[in-house]
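Below: run_23.cif (mmCIF, C-alpha atoms)
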data_work
loop_
_atom_site.label_atom_id
_atom_site.label_comp_id
_atom_site.auth_asym_id
_atom_site.auth_seq_id
_atom_site.Cartn_x
_atom_site.Cartn_y
_atom_site.Cartn_z
CA MET Q 23 91.69 116.82 59.58
CA SER Q 24 95.03 115.10 60.29
CA LYS Q 25 96.01 114.26 63.87
CA LYS Q 26 98.92 116.74 63.73
CA ARG Q 27 96.70 119.61 62.62
CA GLU Q 28 94.15 118.70 65.26
CA ARG Q 29 96.82 118.88 68.00
CA VAL Q 30 97.97 122.27 66.69
CA ARG Q 31 94.37 123.49 66.78
CA GLN Q 32 93.87 122.18 70.33
CA CYS Q 33 97.07 123.86 71.57
CA ARG Q 34 95.98 127.13 69.98
CA GLN Q 35 92.62 126.80 71.74
CA ILE Q 36 94.35 126.16 75.09
CA ARG Q 37 96.56 129.21 74.67
CA GLN Q 38 93.48 131.33 73.96
CA LEU Q 39 91.74 129.99 77.07
CA ILE Q 40 94.80 130.88 79.16
CA ASP Q 41 94.86 134.39 77.67
CA ASP Q 42 91.18 134.68 78.63
CA ASN Q 43 91.96 133.52 82.21
CA LYS Q 44 89.81 130.39 81.74
CA TYR Q 45 92.31 128.18 83.51
CA THR Q 46 89.99 125.36 84.60
CA LYS Q 47 88.81 124.71 81.05
CA ALA Q 48 92.39 124.95 79.76
CA LEU Q 49 93.55 122.33 82.29
CA GLU Q 50 90.74 119.99 81.27
CA LEU Q 51 91.90 120.14 77.64
CA ILE Q 52 95.58 119.71 78.60
CA ASP Q 53 94.70 116.58 80.59
CA GLU Q 54 93.30 115.04 77.40
CA LEU Q 55 96.40 115.74 75.29
CA PRO Q 56 99.07 113.04 74.78
CA LEU Q 57 102.31 114.90 75.58
CA GLU Q 58 104.23 113.15 72.81
CA GLU Q 59 101.85 114.67 70.26
CA VAL Q 60 102.42 118.27 71.40
CA GLY Q 61 104.95 119.57 68.90
CA SER Q 62 105.87 122.90 70.50
CA LEU Q 63 108.19 123.02 73.50
CA ASP Q 64 106.84 126.50 74.25
CA ASP Q 65 103.37 124.99 74.67
CA LEU Q 66 104.74 122.32 77.00
CA TYR Q 67 106.46 124.93 79.17
CA LEU Q 68 103.22 126.94 79.25
CA PHE Q 69 101.22 123.88 80.30
CA ALA Q 70 103.76 123.07 83.02
CA GLU Q 71 103.50 126.55 84.52
CA LEU Q 72 99.70 126.36 84.46
CA TYR Q 73 99.85 123.08 86.38
CA GLU Q 74 102.06 124.78 88.99
CA LYS Q 75 99.54 127.61 89.40
CA ALA Q 76 96.89 124.96 89.98
CA GLU Q 77 99.26 123.24 92.48
CA HIS Q 78 99.36 120.07 90.36
CA MET Q 79 103.12 119.63 90.82
CA GLU Q 80 103.19 115.97 89.77
CA LYS Q 81 101.70 116.98 86.41
CA LYS Q 82 104.31 119.70 86.01
CA LYS Q 83 107.06 117.21 86.80
CA GLU Q 84 105.63 114.78 84.24
CA ILE Q 85 105.88 117.46 81.55
CA PHE Q 86 109.44 118.32 82.62
CA TYR Q 87 110.46 114.67 82.32
CA HIS Q 88 108.90 114.54 78.87
CA ILE Q 89 110.78 117.67 77.74
CA TYR Q 90 114.05 116.31 79.09
CA GLU Q 91 113.60 112.93 77.38
CA ARG Q 92 112.76 114.72 74.15
CA THR Q 93 115.67 117.18 74.16
CA GLY Q 94 118.43 115.78 76.37
CA SER Q 95 118.85 119.35 77.61
CA ARG Q 96 121.01 119.74 80.70
CA TYR Q 97 119.16 122.98 81.38
CA MET Q 98 115.91 121.01 81.51
CA LEU Q 99 117.52 118.45 83.81
CA ASN Q 100 118.53 121.34 86.07
CA ARG Q 101 114.93 122.63 86.24
CA LEU Q 102 113.60 119.13 86.82
CA LEU Q 103 116.01 118.58 89.70
CA ARG Q 104 115.11 121.89 91.34
CA LEU Q 105 111.42 121.02 91.07
CA THR Q 106 111.97 117.58 92.59
CA ILE Q 107 113.88 119.10 95.51
CA ARG Q 108 110.99 121.52 96.11
CA MET Q 109 108.59 118.60 96.11
CA GLY Q 110 110.67 116.82 98.75
CA ASP Q 111 111.43 113.52 96.97
CA MET Q 112 115.06 113.18 98.03
CA GLU Q 113 115.78 109.76 96.54
CA GLU Q 114 114.58 110.89 93.12
CA ALA Q 115 116.47 114.19 93.54
CA LYS Q 116 119.73 112.35 94.27
CA GLU Q 117 119.27 110.22 91.13
CA LEU Q 118 118.68 113.35 89.09
CA TYR Q 119 121.69 115.10 90.59
CA PHE Q 120 123.90 112.15 89.66
CA ALA Q 121 122.54 112.34 86.10
CA TYR Q 122 123.27 116.08 86.05
CA GLU Q 123 126.87 115.59 87.18
CA VAL Q 124 127.67 112.96 84.54
CA ALA Q 125 125.94 114.97 81.79
CA GLY Q 126 128.62 117.68 81.58
CA ASP Q 127 131.36 119.74 83.18
CA VAL Q 128 131.26 121.20 86.66
CA THR Q 129 129.70 124.68 86.52
CA LEU Q 130 128.30 127.23 88.94
CA ASP Q 131 124.94 125.44 88.66
CA THR Q 132 126.56 122.20 89.84
CA PHE Q 133 127.48 123.78 93.18
CA GLU Q 134 124.11 125.52 93.49
CA LEU Q 135 122.29 122.22 92.98
CA ARG Q 136 124.64 120.47 95.40
CA TYR Q 137 123.84 123.13 98.01
CA LEU Q 138 120.07 122.96 97.45
CA LEU Q 139 120.10 119.17 97.70
CA ALA Q 140 122.25 119.17 100.84
CA LYS Q 141 120.01 121.78 102.50
CA ALA Q 142 116.86 119.83 101.60
CA GLU Q 143 118.39 116.68 103.11
CA GLY Q 144 119.05 118.52 106.37
CA GLU Q 145 122.84 118.60 106.11
CA SER Q 146 124.67 120.63 108.76
CA ARG Q 147 125.49 124.30 108.30
CA LYS Q 148 129.18 123.37 108.27
CA ARG Q 149 128.57 121.15 105.23
CA LEU Q 150 126.63 123.93 103.49
CA ILE Q 151 129.51 126.31 104.20
CA GLU Q 152 131.97 123.83 102.64
CA ILE Q 153 129.89 123.69 99.45
CA LEU Q 154 129.64 127.48 99.18
CA GLU Q 155 133.36 127.91 99.85
CA GLU Q 156 134.01 125.53 96.96
CA LEU Q 157 131.51 127.45 94.83
CA LYS Q 158 133.36 130.69 95.63
CA ARG Q 159 136.62 129.22 94.39
CA GLU Q 160 134.92 128.30 91.10
CA GLU Q 161 132.91 131.50 90.50
CA TYR Q 162 132.03 134.23 92.97
CA THR Q 163 128.48 135.61 92.86
CA GLU Q 164 126.58 138.12 95.00
CA GLU Q 165 123.77 135.72 95.83
CA TRP Q 166 125.92 132.89 97.13
CA GLY Q 167 128.63 135.09 98.62
CA PHE Q 168 126.04 136.74 100.87
CA GLN Q 169 124.52 133.36 101.71
CA LEU Q 170 127.98 132.20 102.78
CA ALA Q 171 128.38 135.30 104.96
CA ARG Q 172 125.04 134.64 106.67
CA LEU Q 173 125.97 131.01 107.33
CA TYR Q 174 129.24 132.16 108.88
CA GLU Q 175 127.21 134.42 111.19
CA LEU Q 176 124.85 131.59 112.15
CA GLU Q 177 127.86 129.41 112.98
CA GLY Q 178 129.34 132.15 115.14
CA GLU Q 179 132.31 132.65 112.80
CA ARG Q 180 132.32 136.40 113.21
CA GLU Q 181 135.63 137.25 111.50
CA LYS Q 182 134.88 135.10 108.46
CA CYS Q 183 131.48 136.75 108.15
CA ILE Q 184 133.03 140.23 108.24
CA GLN Q 185 135.67 139.26 105.67
CA GLU Q 186 133.05 137.79 103.35
CA CYS Q 187 131.06 141.03 103.51
CA LYS Q 188 134.22 142.98 102.66
CA ASP Q 189 134.82 140.65 99.70
CA LEU Q 190 131.29 141.31 98.43
CA LYS Q 191 131.87 145.06 98.61
CA LEU Q 192 135.20 144.69 96.80
CA TRP Q 193 133.86 142.50 94.01
CA PHE Q 194 130.48 144.08 93.32
CA GLY Q 195 130.72 147.63 94.63
CA GLU Q 196 127.03 148.39 95.13
CA GLY Q 197 123.53 147.00 94.81
CA LYS Q 198 120.84 145.36 96.92
CA VAL Q 199 122.96 142.41 98.04
CA VAL Q 200 126.01 144.56 98.82
CA ASP Q 201 123.82 146.87 100.92
CA LYS Q 202 122.60 143.87 102.92
CA ALA Q 203 126.18 142.66 103.32
CA MET Q 204 127.20 146.06 104.72
CA GLU Q 205 124.33 145.89 107.22
CA LEU Q 206 125.45 142.41 108.25
CA MET Q 207 129.08 143.53 108.62
CA LYS Q 208 128.03 146.50 110.76
CA ARG Q 209 126.02 144.17 112.98
CA CYS Q 210 128.94 141.76 113.39
CA GLU Q 211 131.40 144.58 114.16
CA ALA Q 212 129.25 145.83 117.04
CA PRO Q 213 130.93 145.32 120.46
CA ASP Q 214 127.86 143.54 121.84
CA TRP Q 215 127.56 141.10 118.89
CA GLU Q 216 126.40 137.57 119.68
CA PRO Q 217 125.66 134.67 117.30
CA PRO Q 218 121.99 134.51 116.27
CA VAL Q 219 119.91 132.07 118.26
CA GLU Q 220 117.63 131.20 115.32
CA GLU Q 221 118.18 127.80 113.73
CA GLU Q 222 116.38 128.43 110.44
CA ILE Q 223 118.71 128.69 107.43
CA PRO Q 224 117.64 131.69 105.33
CA GLU Q 225 116.90 131.47 101.63
CA PRO Q 226 119.42 133.12 99.26
CA VAL Q 227 118.80 136.78 98.40
CA GLU Q 228 118.52 137.29 94.65
CA PRO Q 229 120.48 140.26 93.23
CA ASP Q 230 118.83 142.93 91.12
CA LEU Q 231 118.33 141.57 87.60
CA GLU Q 232 120.23 144.39 85.92
CA GLU Q 233 123.23 143.65 88.14
CA THR Q 234 123.31 139.91 87.45
CA VAL Q 235 126.28 138.70 85.41
CA ALA Q 236 126.32 135.13 84.04
CA TYR Q 237 129.53 133.30 83.17
CA ALA Q 238 129.94 130.05 81.25
CA ALA Q 239 133.69 130.17 80.70
CA PRO Q 240 135.92 127.42 82.12
CA PRO Q 241 138.30 128.33 84.96
CA VAL Q 242 141.34 130.49 84.22
CA ASP Q 243 144.74 128.95 85.01
CA ILE Q 244 147.60 130.74 86.78
CA LYS Q 245 151.07 129.84 85.46
CA GLU Q 246 154.43 130.91 86.80
CA MET Q 247 156.71 132.65 84.30
CA GLU Q 248 159.06 129.65 84.23
CA GLU Q 249 156.28 127.69 82.47
CA ALA Q 250 156.13 130.29 79.72
CA GLU Q 251 158.99 128.57 77.90
CA GLU Q 252 156.45 126.03 76.68
CA GLU Q 253 153.68 127.05 74.32
CA LEU Q 254 150.64 128.10 76.31
CA PRO Q 255 147.53 125.99 75.60
CA GLU Q 256 144.45 127.64 74.25
CA GLY Q 257 141.35 127.39 76.43
CA ASP Q 258 138.88 124.55 76.20
CA GLY Q 259 136.10 127.08 75.92
CA GLU Q 260 137.57 129.05 73.01
CA SER Q 261 134.75 128.02 70.70
CA GLU Q 262 132.35 129.87 73.01
CA LEU Q 263 134.00 133.09 71.87
CA GLU Q 264 133.40 132.51 68.18
CA GLU Q 265 130.41 133.52 66.11
CA GLN Q 266 127.78 130.77 66.08
CA ASP Q 267 124.95 129.58 63.85
CA ASP Q 268 122.03 127.33 64.72
CA VAL Q 269 122.08 123.82 63.22
CA LEU Q 270 120.14 120.65 63.93
CA GLU Q 271 122.08 117.87 65.56
CA GLU Q 272 121.03 114.62 67.25
CA LYS Q 273 121.65 114.65 71.01
CA PRO Q 274 120.26 111.79 73.10
CA ALA Q 275 119.39 112.33 76.74
CA PRO Q 276 121.61 110.56 79.29
CA PRO Q 277 119.61 107.60 80.64
CA LEU Q 278 117.97 108.00 84.03
CA PHE Q 279 117.53 105.24 86.59
CA GLY Q 280 119.14 102.69 84.26
CA GLU Q 281 116.63 103.23 81.42
CA GLU Q 282 117.28 104.45 77.90
CA GLY Q 283 116.42 108.08 77.18
CA VAL Q 284 114.39 109.11 74.14
CA SER Q 285 116.44 110.82 71.45
CA GLU Q 286 114.96 113.46 69.16
CA PRO Q 287 116.55 116.27 67.14
CA VAL Q 288 117.18 119.44 69.14
CA VAL Q 289 118.69 122.81 68.29
CA VAL Q 290 122.29 123.17 69.46
CA LYS Q 291 125.10 125.57 68.64
CA LYS Q 292 127.90 124.68 66.26
CA THR Q 293 130.94 126.76 65.41
CA GLU Q 294 131.24 127.79 61.76
CA THR Q 295 133.92 130.50 61.93
CA THR Q 296 136.94 131.48 64.00
CA THR Q 297 136.28 135.21 63.82
CA PRO Q 298 136.41 136.58 67.38
CA PRO Q 299 133.45 138.66 68.51
CA VAL Q 300 133.64 142.41 68.81
CA ARG Q 301 132.64 144.16 72.00
CA LYS Q 302 128.92 144.41 72.46
CA PRO Q 303 127.19 147.46 70.96
CA LEU Q 304 125.16 149.33 73.52
CA GLU Q 305 122.55 151.98 72.95
CA ASN Q 306 122.82 153.49 76.44
CA LYS Q 307 126.59 153.17 76.54
CA GLU Q 308 127.15 156.56 78.21
CA ALA Q 309 124.80 155.70 81.08
CA MET Q 310 126.32 152.22 81.48
CA LEU Q 311 129.85 153.65 81.67
CA GLU Q 312 128.91 156.48 83.99
CA GLU Q 313 131.74 156.87 86.49
CA ASP Q 314 131.41 155.76 90.08
CA GLU Q 315 132.07 158.35 92.74
CA GLU Q 316 135.68 159.30 91.98
CA ASP Q 317 138.35 157.61 94.08
CA ILE Q 318 141.43 159.80 93.66
CA SER Q 319 144.52 159.19 95.76
CA ASP Q 320 146.63 161.91 97.35
CA ARG Q 321 148.94 161.65 94.33
CA GLY Q 322 146.10 162.29 91.90
CA ILE Q 323 145.80 158.67 90.66
CA HIS Q 324 142.24 157.70 89.66
CA TYR Q 325 140.92 154.28 90.77
CA ARG Q 326 137.76 152.32 89.92
CA THR Q 327 135.72 149.59 91.57
CA LEU Q 328 135.82 146.10 90.07
CA LYS Q 329 132.20 146.46 88.93
CA SER Q 330 132.96 149.69 87.06
CA THR Q 331 136.02 148.08 85.48
CA ILE Q 332 134.06 145.07 84.25
CA ASN Q 333 131.48 147.36 82.60
CA HIS Q 334 134.22 149.31 80.83
CA VAL Q 335 135.96 146.13 79.67
CA ARG Q 336 132.68 145.00 78.12
CA TYR Q 337 131.61 148.16 76.40
CA ASP Q 338 134.40 150.63 75.73
CA ASP Q 339 137.24 150.46 73.22
CA GLN Q 340 140.29 151.20 75.33
CA THR Q 341 143.30 148.89 75.36
CA PRO Q 342 142.96 146.90 78.60
CA HIS Q 343 145.86 146.94 81.05
CA PHE Q 344 145.25 146.75 84.79
CA VAL Q 345 146.43 147.75 88.25
CA PHE Q 346 145.28 145.84 91.34
CA ALA Q 347 146.23 148.12 94.22
CA GLY Q 348 145.96 146.55 97.68
CA GLY Q 349 144.28 143.34 98.80
CA GLU Q 350 145.57 139.93 99.80
CA GLU Q 351 147.13 137.71 97.16
CA ARG Q 352 144.14 135.35 97.10
CA ILE Q 353 141.85 138.29 96.30
CA THR Q 354 144.25 139.63 93.68
CA LEU Q 355 144.39 136.26 91.93
CA ALA Q 356 140.61 135.92 92.05
CA VAL Q 357 140.11 139.39 90.56
CA ALA Q 358 142.73 138.67 87.86
CA LYS Q 359 140.86 135.49 86.92
CA ARG Q 360 137.55 137.36 86.83
CA VAL Q 361 138.97 140.05 84.55
CA THR Q 362 140.60 137.45 82.28
CA LYS Q 363 137.28 135.64 81.86
CA GLU Q 364 135.68 138.91 80.79
CA LEU Q 365 138.49 139.58 78.31
CA ASN Q 366 137.86 136.12 76.86
CA ASN Q 367 134.12 136.80 76.70
CA VAL Q 368 134.63 139.97 74.66
CA GLY Q 369 137.22 138.26 72.47
CA TYR Q 370 140.19 140.43 73.42
CA VAL Q 371 142.40 137.50 74.46
CA SER Q 372 142.22 133.86 73.41
CA VAL Q 373 144.47 132.18 76.01
CA ARG Q 374 142.82 131.21 79.30
CA SER Q 375 146.10 131.34 81.22
CA ILE Q 376 147.57 134.11 83.34
CA VAL Q 377 151.37 134.08 83.43
CA LYS Q 378 152.40 135.20 86.93
CA ILE Q 379 155.84 136.60 87.73
CA THR Q 380 157.29 138.54 90.65
CA ALA Q 381 158.79 141.97 90.08
CA ASP Q 382 162.15 140.66 91.30
CA LYS Q 383 162.22 137.99 88.56
CA LEU Q 384 160.99 140.41 85.92
CA ASN Q 385 163.89 142.70 86.79
CA GLN Q 386 166.30 139.89 85.89
CA ILE Q 387 164.93 138.64 82.54
CA ASN Q 388 164.85 139.95 79.00
CA LEU Q 389 161.14 140.65 78.63
CA SER Q 390 161.27 141.04 74.85
CA GLU Q 391 162.47 137.43 74.54
CA GLN Q 392 159.50 136.17 76.60
CA ALA Q 393 156.82 138.42 75.11
CA GLU Q 394 156.20 136.31 72.02
CA ARG Q 395 155.48 133.25 74.16
CA ILE Q 396 152.69 134.96 76.10
CA ALA Q 397 151.20 136.96 73.22
CA GLY Q 398 147.40 136.93 73.23
CA GLY Q 399 147.24 136.33 76.99
CA CYS Q 400 147.71 138.04 80.35
CA MET Q 401 150.78 138.64 82.51
CA LEU Q 402 150.35 139.35 86.22
CA VAL Q 403 153.29 141.00 87.99
CA THR Q 404 153.14 140.72 91.78
CA GLY Q 405 155.05 143.12 94.01
CA ALA Q 406 155.07 145.42 90.98
CA SER Q 407 156.17 148.47 92.96
CA GLU Q 408 159.65 146.85 93.12
CA LEU Q 409 160.14 147.03 89.36
CA LYS Q 410 163.35 148.78 88.29
CA LYS Q 411 163.55 151.51 85.67
CA GLU Q 412 164.81 149.17 82.94
CA ALA Q 413 161.97 146.70 83.55
CA VAL Q 414 159.42 149.53 83.48
CA HIS Q 415 160.73 150.73 80.12
CA ALA Q 416 160.60 147.17 78.77
CA LEU Q 417 156.98 146.90 79.94
CA VAL Q 418 156.01 150.19 78.28
CA GLU Q 419 157.65 149.07 75.02
CA MET Q 420 155.85 145.70 75.14
CA MET Q 421 152.50 147.35 75.84
CA SER Q 422 152.96 149.69 72.86
CA ARG Q 423 153.36 146.77 70.41
CA GLU Q 424 149.93 146.01 68.96
CA ASP Q 425 151.02 142.78 67.24
CA GLN Q 426 151.59 140.97 70.57
CA GLN Q 427 148.41 142.09 72.36
CA ILE Q 428 149.59 141.13 75.84
CA VAL Q 429 147.40 142.27 78.74
CA VAL Q 430 149.55 143.54 81.62
CA MET Q 431 148.32 143.34 85.23
CA LEU Q 432 150.34 144.93 88.02
CA ALA Q 433 149.66 144.17 91.69
CA ALA Q 434 151.11 145.60 94.89
CA PRO Q 435 150.03 147.08 98.25
CA PHE Q 436 148.03 150.26 97.72
CA ASP Q 437 150.40 152.87 99.13
CA GLU Q 438 153.41 151.34 97.38
CA MET Q 439 151.59 151.03 94.06
CA ASP Q 440 150.23 154.56 94.28
CA CYS Q 441 153.74 155.93 94.84
CA PHE Q 442 155.14 153.76 92.03
CA LEU Q 443 152.58 155.03 89.51
CA GLY Q 444 153.44 158.60 90.49
CA ILE Q 445 157.11 157.93 89.72
CA TYR Q 446 156.41 156.40 86.29
CA PRO Q 447 153.59 158.44 84.71
CA GLU Q 448 154.31 157.04 81.23
CA LEU Q 449 153.50 153.55 82.54
CA SER Q 450 150.55 154.79 84.57
CA GLU Q 451 148.94 156.30 81.45
CA ARG Q 452 149.02 152.93 79.69
CA LEU Q 453 147.47 151.10 82.66
CA THR Q 454 143.88 151.87 81.65
CA TYR Q 455 142.00 150.32 84.57
CA LYS Q 456 143.23 150.87 88.12
CA ILE Q 457 141.26 148.96 90.76
CA ARG Q 458 141.56 149.86 94.41
CA MET Q 459 141.21 146.56 96.25
#

How does the structure come out when it is put into structure tokens?
Amino acid sequence: MSKKRERVRQCRQIRQLIDDNKYTKALELIDELPLEEVGSLDDLYLFAELYEKAEHMEKKKEIFYHIYERTGSRYMLNRLLRLTIRMGDMEEAKELYFAYEVAGDVTLDTFELRYLLAKAEGESRKRLIEILEELKREEYTEEWGFQLARLYELEGEREKCIQECKDLKLWFGEGKVVDKAMELMKRCEAPDWEPPVEEEIPEPVEPDLEETVAYAAPPVDIKEMEEAEEELPEGDGESELEEQDDVLEEKPAPPLFGEEGVSEPVVVKKTETTTPPVRKPLENKEAMLEEDEEDISDRGIHYRTLKSTINHVRYDDQTPHFVFAGGEERITLAVAKRVTKELNNVGYVSVRSIVKITADKLNQINLSEQAERIAGGCMLVTGASELKKEAVHALVEMMSREDQQIVVMLAAPFDEMDCFLGIYPELSERLTYKIRM
């Protein structure tokens, strides 16, 4: 029997032993296997997890290093770094973090790893807050937003804690983490509130799996209308929105600690077509799009939460135009970016830029002359309740033209926007998603 077939047979035997709960015998056989002769990555992951159950963390780390050297996977480097932090080897963890940073672009994971490393090294709460504030500017998530709120509380920053809890409610609407944030806000708003005396920094609270949303899109840019005279650049991440096929391509691992990594073929994604994706089919679409408790203003205008809006953008077929009623400008811009990322993810727009213009300026320009320059992207109008009748008619005409496919976003204080929509029902009907901030 050839060596390769023998290794396949041994791995099959180990898997059977694990299925039969004969872990000690399985570990004995794994110890005898040369890792470089185990062909299946799935087997290596399985062996690593078994070593963790047996509390042989050094063995698990050895397998993780082997997988990383074999694949050059940044995902594997991420897992390896998290494991090293858990094991408490800070010098090795810092080397791995440096390798992670140089291996690719800054992502949400970059900030998470930076936070975990800083916490493990005993950095101050103020430093941890700085990292999470930077993370929030890049991509807001329930888990880290609530962690930031709790750190504000521990630091005695009562007002910031309350505001962070309000932001969580605004962005995510409901769920386990939002419920905890509301409890925290209620505690901080109590007249007898005092900063906690405990020094221990809590671990992040994981959101419910079905509520977790992952993003891999690069940041969305905000451009003033004056910049629209130049052709808007298409996003760096546009290829992520195209259909993809699996191909084999050589990808060496970035060297660690000054040594050369081992390069072997790995499966990566390569673009073969420019056809944009259609919105995701969903078997339980009706349940997914079930309305939140209705929020109807005194003028009869229906509003949604951001979470409900995101679900509809993903799964229904309506033409997306938006109202952001209420909220500070920083929140409005953040929500506009979040919505634009989702529109890119579903393939509705291809430009990762939001053209921003005030209502006063929009009243003074010929919108039809500018429309072609921002086709395929988003236009955010701030102070939209100040739009004049002529500008409103120009907006309605632009929104009715399917060949330009411009997403319109109107923002203004809630009461002013609500009144404005009541005055112009023909515009209100075309603004599909109205979010009360």

For Lys158 (chain Q), the nearest of the candidates Q:Leu173, Q:Leu409, Q:Ala356, Q:Ile457, counting all atoms listed in the file: Q:Ala356

Selection near Val219 (chain Q), 10 Å with all atoms listed in the file, sequence-local residues under 6 positions removed, as a ChimeraX atom specification: /Q:176-178

For Glu211 (chain Q): contacts at 9 Å, all atoms listed in the file, fewer than 3 positions along chain excluded, given as an NGL selection string: :Q and (180-181 or 184 or 206-208 or 214-215)

Target residues per the PyMOL selection byres ((chain Q and resi 399) around 6), formatted as a ChimeraX atom specification: /Q:371,373,396-398,400,428

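Interatomic distance, CA of Met421 (chain Q) to CA of Ala393 (chain Q): 9.9 Å.
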